[in-house]
file protein_2.txt (compact mmCIF, N, CA and C atoms)
# COMPACT_ATOMS: atom_id res chain seq x y z
N MET C 590 -0.32 22.94 -25.89
CA MET C 590 -1.74 23.09 -25.71
C MET C 590 -2.47 22.91 -27.04
N HIS C 591 -1.96 23.52 -28.09
CA HIS C 591 -2.62 23.37 -29.39
C HIS C 591 -2.66 21.90 -29.81
N HIS C 592 -1.58 21.18 -29.55
CA HIS C 592 -1.54 19.76 -29.88
C HIS C 592 -2.65 19.01 -29.14
N ARG C 593 -2.84 19.29 -27.87
CA ARG C 593 -3.89 18.63 -27.09
C ARG C 593 -5.28 18.96 -27.63
N LEU C 594 -5.49 20.21 -28.01
CA LEU C 594 -6.79 20.60 -28.55
C LEU C 594 -7.03 19.94 -29.91
N ARG C 595 -5.98 19.82 -30.71
CA ARG C 595 -6.12 19.12 -31.99
C ARG C 595 -6.50 17.66 -31.74
N GLU C 596 -5.86 17.04 -30.75
CA GLU C 596 -6.19 15.65 -30.40
C GLU C 596 -7.63 15.53 -29.93
N ALA C 597 -8.07 16.45 -29.09
CA ALA C 597 -9.44 16.42 -28.57
C ALA C 597 -10.44 16.52 -29.71
N LEU C 598 -10.17 17.37 -30.68
CA LEU C 598 -11.06 17.49 -31.83
C LEU C 598 -11.05 16.20 -32.64
N SER C 599 -9.90 15.60 -32.80
CA SER C 599 -9.81 14.35 -33.54
C SER C 599 -10.62 13.25 -32.87
N VAL C 600 -10.52 13.14 -31.56
CA VAL C 600 -11.29 12.14 -30.81
C VAL C 600 -12.78 12.41 -30.94
N THR C 601 -13.16 13.68 -30.88
CA THR C 601 -14.56 14.05 -31.02
C THR C 601 -15.09 13.65 -32.40
N ARG C 602 -14.33 13.94 -33.43
CA ARG C 602 -14.76 13.58 -34.79
C ARG C 602 -14.79 12.06 -34.96
N ALA C 603 -13.84 11.36 -34.37
CA ALA C 603 -13.81 9.89 -34.47
C ALA C 603 -15.04 9.28 -33.80
N SER C 604 -15.55 9.91 -32.75
CA SER C 604 -16.73 9.37 -32.07
C SER C 604 -17.94 9.37 -32.99
N LEU C 605 -17.99 10.29 -33.95
CA LEU C 605 -19.08 10.30 -34.93
C LEU C 605 -18.94 9.13 -35.91
N VAL C 606 -17.73 8.84 -36.29
CA VAL C 606 -17.46 7.79 -37.28
C VAL C 606 -17.70 6.41 -36.70
N ASP C 607 -17.53 6.26 -35.38
CA ASP C 607 -17.65 4.95 -34.74
C ASP C 607 -19.03 4.33 -34.92
N GLY C 608 -20.05 5.16 -35.16
CA GLY C 608 -21.37 4.64 -35.47
C GLY C 608 -22.06 3.92 -34.33
N ILE C 609 -21.83 4.35 -33.11
CA ILE C 609 -22.53 3.75 -31.97
C ILE C 609 -24.01 4.09 -32.11
N PRO C 610 -24.89 3.10 -32.00
CA PRO C 610 -26.31 3.36 -32.28
C PRO C 610 -27.02 4.17 -31.20
N GLY C 611 -27.97 4.97 -31.69
CA GLY C 611 -28.99 5.61 -30.86
C GLY C 611 -28.51 6.49 -29.74
N GLU C 612 -29.16 6.31 -28.60
CA GLU C 612 -28.98 7.19 -27.44
C GLU C 612 -27.54 7.14 -26.90
N ALA C 613 -26.93 5.96 -26.95
CA ALA C 613 -25.55 5.83 -26.45
C ALA C 613 -24.61 6.73 -27.26
N ALA C 614 -24.80 6.79 -28.58
CA ALA C 614 -23.95 7.63 -29.42
C ALA C 614 -24.14 9.09 -29.06
N THR C 615 -25.39 9.50 -28.85
CA THR C 615 -25.68 10.89 -28.49
C THR C 615 -25.01 11.25 -27.17
N ARG C 616 -25.10 10.37 -26.18
CA ARG C 616 -24.46 10.62 -24.87
C ARG C 616 -22.95 10.72 -25.03
N GLU C 617 -22.36 9.81 -25.80
CA GLU C 617 -20.91 9.81 -25.98
C GLU C 617 -20.45 11.08 -26.71
N LEU C 618 -21.17 11.43 -27.77
CA LEU C 618 -20.80 12.63 -28.52
C LEU C 618 -20.96 13.86 -27.65
N LEU C 619 -22.02 13.91 -26.86
CA LEU C 619 -22.23 15.03 -25.97
C LEU C 619 -21.05 15.18 -25.01
N LEU C 620 -20.57 14.05 -24.48
CA LEU C 620 -19.42 14.07 -23.57
C LEU C 620 -18.18 14.59 -24.29
N TYR C 621 -17.89 14.06 -25.47
CA TYR C 621 -16.71 14.51 -26.21
C TYR C 621 -16.82 15.98 -26.59
N CYS C 622 -17.97 16.37 -27.12
CA CYS C 622 -18.16 17.76 -27.54
C CYS C 622 -18.08 18.71 -26.37
N HIS C 623 -18.71 18.32 -25.26
CA HIS C 623 -18.66 19.20 -24.08
C HIS C 623 -17.21 19.38 -23.63
N GLY C 624 -16.46 18.30 -23.57
CA GLY C 624 -15.06 18.40 -23.16
C GLY C 624 -14.24 19.23 -24.12
N PHE C 625 -14.40 18.98 -25.41
CA PHE C 625 -13.65 19.74 -26.41
C PHE C 625 -14.04 21.21 -26.38
N CYS C 626 -15.34 21.50 -26.38
CA CYS C 626 -15.81 22.89 -26.41
C CYS C 626 -15.33 23.65 -25.17
N THR C 627 -15.41 23.00 -24.02
CA THR C 627 -14.97 23.62 -22.77
C THR C 627 -13.47 23.90 -22.81
N ALA C 628 -12.71 22.94 -23.31
CA ALA C 628 -11.25 23.11 -23.37
C ALA C 628 -10.86 24.24 -24.33
N LEU C 629 -11.44 24.24 -25.52
CA LEU C 629 -11.07 25.26 -26.50
C LEU C 629 -11.51 26.65 -26.04
N ASP C 630 -12.73 26.74 -25.53
CA ASP C 630 -13.23 28.03 -25.05
C ASP C 630 -12.40 28.53 -23.87
N GLY C 631 -12.06 27.63 -22.95
CA GLY C 631 -11.24 28.01 -21.80
C GLY C 631 -9.85 28.47 -22.22
N HIS C 632 -9.30 27.81 -23.22
CA HIS C 632 -7.98 28.19 -23.74
C HIS C 632 -8.03 29.62 -24.29
N HIS C 633 -9.03 29.91 -25.07
CA HIS C 633 -9.13 31.24 -25.67
C HIS C 633 -9.44 32.31 -24.64
N ARG C 634 -10.28 32.01 -23.68
CA ARG C 634 -10.57 32.99 -22.62
C ARG C 634 -9.31 33.32 -21.82
N GLY C 635 -8.51 32.29 -21.54
CA GLY C 635 -7.25 32.51 -20.81
C GLY C 635 -6.29 33.37 -21.60
N GLU C 636 -6.21 33.13 -22.89
CA GLU C 636 -5.34 33.96 -23.73
C GLU C 636 -5.82 35.40 -23.73
N ASP C 637 -7.13 35.60 -23.94
CA ASP C 637 -7.68 36.96 -24.00
C ASP C 637 -7.52 37.70 -22.68
N ARG C 638 -7.72 37.00 -21.58
CA ARG C 638 -7.72 37.63 -20.26
C ARG C 638 -6.31 37.87 -19.71
N THR C 639 -5.39 36.93 -19.95
CA THR C 639 -4.09 37.00 -19.28
C THR C 639 -2.90 37.09 -20.24
N LEU C 640 -2.86 36.17 -21.19
CA LEU C 640 -1.68 36.07 -22.05
C LEU C 640 -1.55 37.25 -23.01
N PHE C 641 -2.62 37.57 -23.74
CA PHE C 641 -2.52 38.63 -24.73
C PHE C 641 -2.23 40.00 -24.12
N PRO C 642 -2.84 40.36 -22.98
CA PRO C 642 -2.45 41.64 -22.37
C PRO C 642 -0.96 41.67 -21.98
N ALA C 643 -0.43 40.55 -21.51
CA ALA C 643 0.99 40.50 -21.16
C ALA C 643 1.87 40.66 -22.40
N ILE C 644 1.47 40.02 -23.49
CA ILE C 644 2.23 40.16 -24.74
C ILE C 644 2.14 41.60 -25.24
N ALA C 645 0.95 42.19 -25.19
CA ALA C 645 0.77 43.58 -25.67
C ALA C 645 1.62 44.55 -24.87
N ALA C 646 1.74 44.30 -23.56
CA ALA C 646 2.55 45.19 -22.72
C ALA C 646 4.04 45.06 -23.06
N ALA C 647 4.49 43.84 -23.31
CA ALA C 647 5.91 43.61 -23.60
C ALA C 647 6.26 43.88 -25.07
N HIS C 648 5.28 43.71 -25.95
CA HIS C 648 5.53 43.85 -27.39
C HIS C 648 4.37 44.61 -28.05
N PRO C 649 4.28 45.91 -27.85
CA PRO C 649 3.16 46.69 -28.40
C PRO C 649 3.01 46.56 -29.91
N GLU C 650 4.08 46.26 -30.61
CA GLU C 650 4.02 46.11 -32.07
C GLU C 650 3.15 44.92 -32.49
N LEU C 651 2.86 44.02 -31.54
CA LEU C 651 2.04 42.84 -31.85
C LEU C 651 0.55 43.05 -31.60
N ARG C 652 0.15 44.24 -31.20
CA ARG C 652 -1.27 44.50 -30.91
C ARG C 652 -2.19 44.19 -32.09
N PRO C 653 -1.83 44.52 -33.33
CA PRO C 653 -2.72 44.14 -34.45
C PRO C 653 -2.88 42.61 -34.58
N VAL C 654 -1.81 41.89 -34.36
CA VAL C 654 -1.87 40.42 -34.39
C VAL C 654 -2.81 39.92 -33.30
N LEU C 655 -2.67 40.47 -32.09
CA LEU C 655 -3.50 40.05 -30.96
C LEU C 655 -4.97 40.36 -31.22
N ARG C 656 -5.25 41.51 -31.80
CA ARG C 656 -6.65 41.85 -32.14
C ARG C 656 -7.23 40.84 -33.13
N SER C 657 -6.44 40.47 -34.11
CA SER C 657 -6.89 39.48 -35.10
C SER C 657 -7.16 38.13 -34.43
N LEU C 658 -6.29 37.73 -33.53
CA LEU C 658 -6.49 36.47 -32.81
C LEU C 658 -7.73 36.52 -31.92
N GLU C 659 -7.96 37.66 -31.29
CA GLU C 659 -9.16 37.81 -30.46
C GLU C 659 -10.43 37.75 -31.31
N GLN C 660 -10.38 38.30 -32.51
CA GLN C 660 -11.52 38.20 -33.42
C GLN C 660 -11.78 36.73 -33.79
N ASP C 661 -10.69 35.99 -34.02
CA ASP C 661 -10.83 34.55 -34.28
C ASP C 661 -11.49 33.86 -33.10
N HIS C 662 -11.08 34.23 -31.90
CA HIS C 662 -11.66 33.63 -30.69
C HIS C 662 -13.17 33.83 -30.66
N SER C 663 -13.60 35.03 -31.02
CA SER C 663 -15.02 35.33 -31.04
C SER C 663 -15.75 34.48 -32.08
N MET C 664 -15.16 34.34 -33.25
CA MET C 664 -15.76 33.53 -34.31
C MET C 664 -15.83 32.06 -33.88
N ILE C 665 -14.76 31.56 -33.29
CA ILE C 665 -14.74 30.17 -32.85
C ILE C 665 -15.76 29.95 -31.74
N ALA C 666 -15.91 30.90 -30.84
CA ALA C 666 -16.92 30.78 -29.77
C ALA C 666 -18.32 30.66 -30.38
N HIS C 667 -18.58 31.44 -31.43
CA HIS C 667 -19.87 31.36 -32.11
C HIS C 667 -20.06 29.97 -32.73
N LEU C 668 -19.03 29.45 -33.38
CA LEU C 668 -19.11 28.12 -33.99
C LEU C 668 -19.31 27.04 -32.93
N LEU C 669 -18.65 27.18 -31.79
CA LEU C 669 -18.83 26.22 -30.70
C LEU C 669 -20.25 26.26 -30.16
N GLY C 670 -20.83 27.47 -30.08
CA GLY C 670 -22.21 27.60 -29.65
C GLY C 670 -23.17 26.89 -30.60
N SER C 671 -22.92 27.01 -31.89
CA SER C 671 -23.75 26.31 -32.88
C SER C 671 -23.60 24.80 -32.75
N LEU C 672 -22.38 24.34 -32.50
CA LEU C 672 -22.15 22.90 -32.30
C LEU C 672 -22.89 22.42 -31.06
N ARG C 673 -22.78 23.16 -29.96
CA ARG C 673 -23.47 22.77 -28.73
C ARG C 673 -24.98 22.66 -28.97
N ALA C 674 -25.53 23.64 -29.68
CA ALA C 674 -26.97 23.63 -29.96
C ALA C 674 -27.34 22.40 -30.80
N ALA C 675 -26.52 22.06 -31.77
CA ALA C 675 -26.79 20.89 -32.62
C ALA C 675 -26.71 19.60 -31.79
N VAL C 676 -25.73 19.51 -30.91
CA VAL C 676 -25.61 18.32 -30.05
C VAL C 676 -26.81 18.24 -29.11
N ASP C 677 -27.21 19.36 -28.52
CA ASP C 677 -28.33 19.38 -27.59
C ASP C 677 -29.63 18.91 -28.23
N ARG C 678 -29.81 19.20 -29.51
CA ARG C 678 -31.04 18.78 -30.17
C ARG C 678 -30.87 17.46 -30.91
N ALA C 679 -29.75 16.78 -30.65
CA ALA C 679 -29.46 15.47 -31.24
C ALA C 679 -29.53 15.51 -32.77
N ALA C 680 -28.84 16.47 -33.35
CA ALA C 680 -28.78 16.60 -34.81
C ALA C 680 -28.16 15.34 -35.42
N PRO C 681 -28.46 15.06 -36.67
CA PRO C 681 -27.86 13.90 -37.34
C PRO C 681 -26.34 14.00 -37.39
N SER C 682 -25.69 12.86 -37.43
CA SER C 682 -24.22 12.84 -37.38
C SER C 682 -23.60 13.62 -38.53
N GLU C 683 -24.24 13.63 -39.71
CA GLU C 683 -23.70 14.38 -40.84
C GLU C 683 -23.64 15.88 -40.52
N GLU C 684 -24.69 16.38 -39.88
CA GLU C 684 -24.72 17.80 -39.52
C GLU C 684 -23.68 18.11 -38.45
N LEU C 685 -23.56 17.21 -37.48
CA LEU C 685 -22.56 17.41 -36.42
C LEU C 685 -21.15 17.42 -37.01
N ASP C 686 -20.91 16.52 -37.96
CA ASP C 686 -19.59 16.48 -38.58
C ASP C 686 -19.32 17.76 -39.36
N GLN C 687 -20.34 18.34 -39.99
CA GLN C 687 -20.15 19.61 -40.69
C GLN C 687 -19.75 20.72 -39.72
N HIS C 688 -20.38 20.74 -38.55
CA HIS C 688 -20.00 21.71 -37.53
C HIS C 688 -18.53 21.50 -37.13
N LEU C 689 -18.18 20.24 -36.86
CA LEU C 689 -16.81 19.93 -36.43
C LEU C 689 -15.80 20.24 -37.54
N GLU C 690 -16.17 19.99 -38.78
CA GLU C 690 -15.26 20.29 -39.89
C GLU C 690 -15.00 21.79 -39.99
N GLY C 691 -16.06 22.59 -39.83
CA GLY C 691 -15.90 24.04 -39.86
C GLY C 691 -15.02 24.54 -38.72
N ILE C 692 -15.27 24.01 -37.53
CA ILE C 692 -14.45 24.39 -36.38
C ILE C 692 -13.00 23.98 -36.62
N ALA C 693 -12.80 22.77 -37.13
CA ALA C 693 -11.44 22.28 -37.38
C ALA C 693 -10.70 23.19 -38.34
N ALA C 694 -11.35 23.63 -39.40
CA ALA C 694 -10.70 24.48 -40.40
C ALA C 694 -10.30 25.83 -39.81
N ILE C 695 -11.23 26.46 -39.11
CA ILE C 695 -10.94 27.77 -38.51
C ILE C 695 -9.90 27.63 -37.41
N MET C 696 -10.06 26.60 -36.58
CA MET C 696 -9.15 26.39 -35.46
C MET C 696 -7.72 26.16 -35.96
N GLU C 697 -7.56 25.32 -36.97
CA GLU C 697 -6.22 25.02 -37.47
C GLU C 697 -5.58 26.26 -38.08
N ASN C 698 -6.33 27.02 -38.85
CA ASN C 698 -5.83 28.26 -39.42
C ASN C 698 -5.41 29.23 -38.30
N HIS C 699 -6.25 29.35 -37.30
CA HIS C 699 -5.97 30.22 -36.15
C HIS C 699 -4.70 29.77 -35.42
N PHE C 700 -4.62 28.48 -35.13
CA PHE C 700 -3.45 27.97 -34.40
C PHE C 700 -2.16 28.21 -35.18
N ARG C 701 -2.19 27.94 -36.47
CA ARG C 701 -0.98 28.12 -37.27
C ARG C 701 -0.55 29.58 -37.32
N TYR C 702 -1.50 30.48 -37.48
CA TYR C 702 -1.19 31.91 -37.48
C TYR C 702 -0.60 32.33 -36.13
N GLU C 703 -1.26 31.89 -35.07
CA GLU C 703 -0.79 32.24 -33.72
C GLU C 703 0.62 31.69 -33.49
N GLU C 704 0.85 30.47 -33.90
CA GLU C 704 2.17 29.87 -33.71
C GLU C 704 3.24 30.60 -34.52
N ARG C 705 2.92 30.99 -35.76
CA ARG C 705 3.89 31.73 -36.58
C ARG C 705 4.19 33.10 -35.98
N GLN C 706 3.16 33.77 -35.50
CA GLN C 706 3.33 35.15 -35.04
C GLN C 706 3.87 35.25 -33.62
N LEU C 707 3.55 34.29 -32.77
CA LEU C 707 3.83 34.46 -31.34
C LEU C 707 4.80 33.46 -30.72
N LEU C 708 5.17 32.41 -31.42
CA LEU C 708 5.98 31.37 -30.80
C LEU C 708 7.27 31.90 -30.20
N THR C 709 7.99 32.71 -30.93
CA THR C 709 9.25 33.27 -30.42
C THR C 709 9.00 34.12 -29.19
N VAL C 710 7.96 34.92 -29.23
CA VAL C 710 7.61 35.77 -28.09
C VAL C 710 7.25 34.92 -26.88
N LEU C 711 6.47 33.87 -27.10
CA LEU C 711 6.04 33.02 -25.98
C LEU C 711 7.21 32.30 -25.33
N GLU C 712 8.23 31.99 -26.11
CA GLU C 712 9.40 31.31 -25.56
C GLU C 712 10.19 32.20 -24.61
N THR C 713 10.06 33.52 -24.75
CA THR C 713 10.84 34.43 -23.92
C THR C 713 9.99 35.22 -22.91
N LEU C 714 8.66 35.12 -23.03
CA LEU C 714 7.78 35.91 -22.18
C LEU C 714 7.77 35.36 -20.75
N GLU C 715 7.98 36.24 -19.79
CA GLU C 715 7.86 35.86 -18.38
C GLU C 715 6.48 36.26 -17.92
N LEU C 716 5.72 35.26 -17.49
CA LEU C 716 4.32 35.47 -17.14
C LEU C 716 4.09 34.93 -15.74
N ALA C 717 3.70 35.80 -14.83
CA ALA C 717 3.43 35.39 -13.45
C ALA C 717 1.96 35.01 -13.33
N ALA C 718 1.63 33.82 -13.83
CA ALA C 718 0.24 33.36 -13.78
C ALA C 718 0.23 31.83 -13.71
N VAL C 719 -0.86 31.31 -13.22
CA VAL C 719 -1.04 29.86 -13.17
C VAL C 719 -1.28 29.36 -14.60
N PRO C 720 -0.49 28.38 -15.07
CA PRO C 720 -0.64 27.94 -16.46
C PRO C 720 -2.08 27.57 -16.85
N ARG C 721 -2.82 26.92 -15.96
CA ARG C 721 -4.21 26.53 -16.27
C ARG C 721 -5.09 27.75 -16.53
N GLU C 722 -4.81 28.85 -15.84
CA GLU C 722 -5.60 30.08 -16.06
C GLU C 722 -5.29 30.70 -17.42
N VAL C 723 -4.09 30.48 -17.90
CA VAL C 723 -3.68 31.06 -19.17
C VAL C 723 -4.01 30.13 -20.33
N LEU C 724 -3.80 28.85 -20.15
CA LEU C 724 -3.89 27.89 -21.25
C LEU C 724 -5.22 27.16 -21.31
N GLY C 725 -6.02 27.22 -20.27
CA GLY C 725 -7.31 26.55 -20.28
C GLY C 725 -7.27 25.22 -19.54
N PRO C 726 -8.42 24.55 -19.51
CA PRO C 726 -8.59 23.38 -18.64
C PRO C 726 -8.12 22.04 -19.18
N ILE C 727 -7.40 22.01 -20.30
CA ILE C 727 -6.99 20.71 -20.81
C ILE C 727 -5.57 20.36 -20.37

call {"tool": "encode", "arguments": {"input": "protein_2.txt", "output": "structure tokens"}}
result
Amino acid sequence: MHHRLREALSVTRASLVDGIPGEAATRELLLYCHGFCTALDGHHRGEDRTLFPAIAAAHPELRPVLRSLEQDHSMIAHLLGSLRAAVDRAAPSEELDQHLEGIAAIMENHFRYEERQLLTVLETLELAAVPREVLGPI
């Protein structure tokens, strides 16, 4: 899932570089950003709602890690909201790229921490849930 989200962000950033003129560029970027923002937000909501409570129940010692990850989710949601607002008002591409760069930095740091802390647990965790509900819509 993290790999797919990284790819989605890369495609979104590449759409800025492509330099499509005017209204077409705004529509294309809006499509990419909407898809990326929805996917990332859905992924984090699924983790907060289903995955993290299951991990906390099976591994209570990881609760501080899960709290830290949930705080990251909140920060990333705020950054996504700022990006959406910038896209909605057709901000210049330089400003949009700054939003995407900030999201990329926080997202990558978050993903790496999560992968270091939880990968072993995730490989052994039995979770009775629909993967899309846990991992998000991508």

call {"tool": "closest_residue", "arguments": {"input": "protein_2.txt", "among": "C:Ser671, C:Thr639, C:Gln660, C:Thr627", "to": "C:His699", "atoms": "only C-alpha atoms"}}
result
C:Gln660

call {"tool": "closest_residue", "arguments": {"input": "protein_2.txt", "among": "C:Leu685, C:His633, C:Phe700, C:Ser663", "to": "C:His591", "atoms": "all atoms listed in the file"}}
result
C:Phe700

call {"tool": "atom_distance", "arguments": {"input": "protein_2.txt", "atom1": "atom N of C:Leu655", "atom2": "atom CA of C:Gln687"}}
result
28.5 Å

call {"tool": "atom_distance", "arguments": {"input": "protein_2.txt", "atom1": "atom CA of C:Leu629", "atom2": "atom C of C:Leu708"}}
result
19.9 Å

call {"tool": "atom_distance", "arguments": {"input": "protein_2.txt", "atom1": "atom CA of C:Ile665", "atom2": "atom CA of C:Ile695"}}
result
7.2 Å
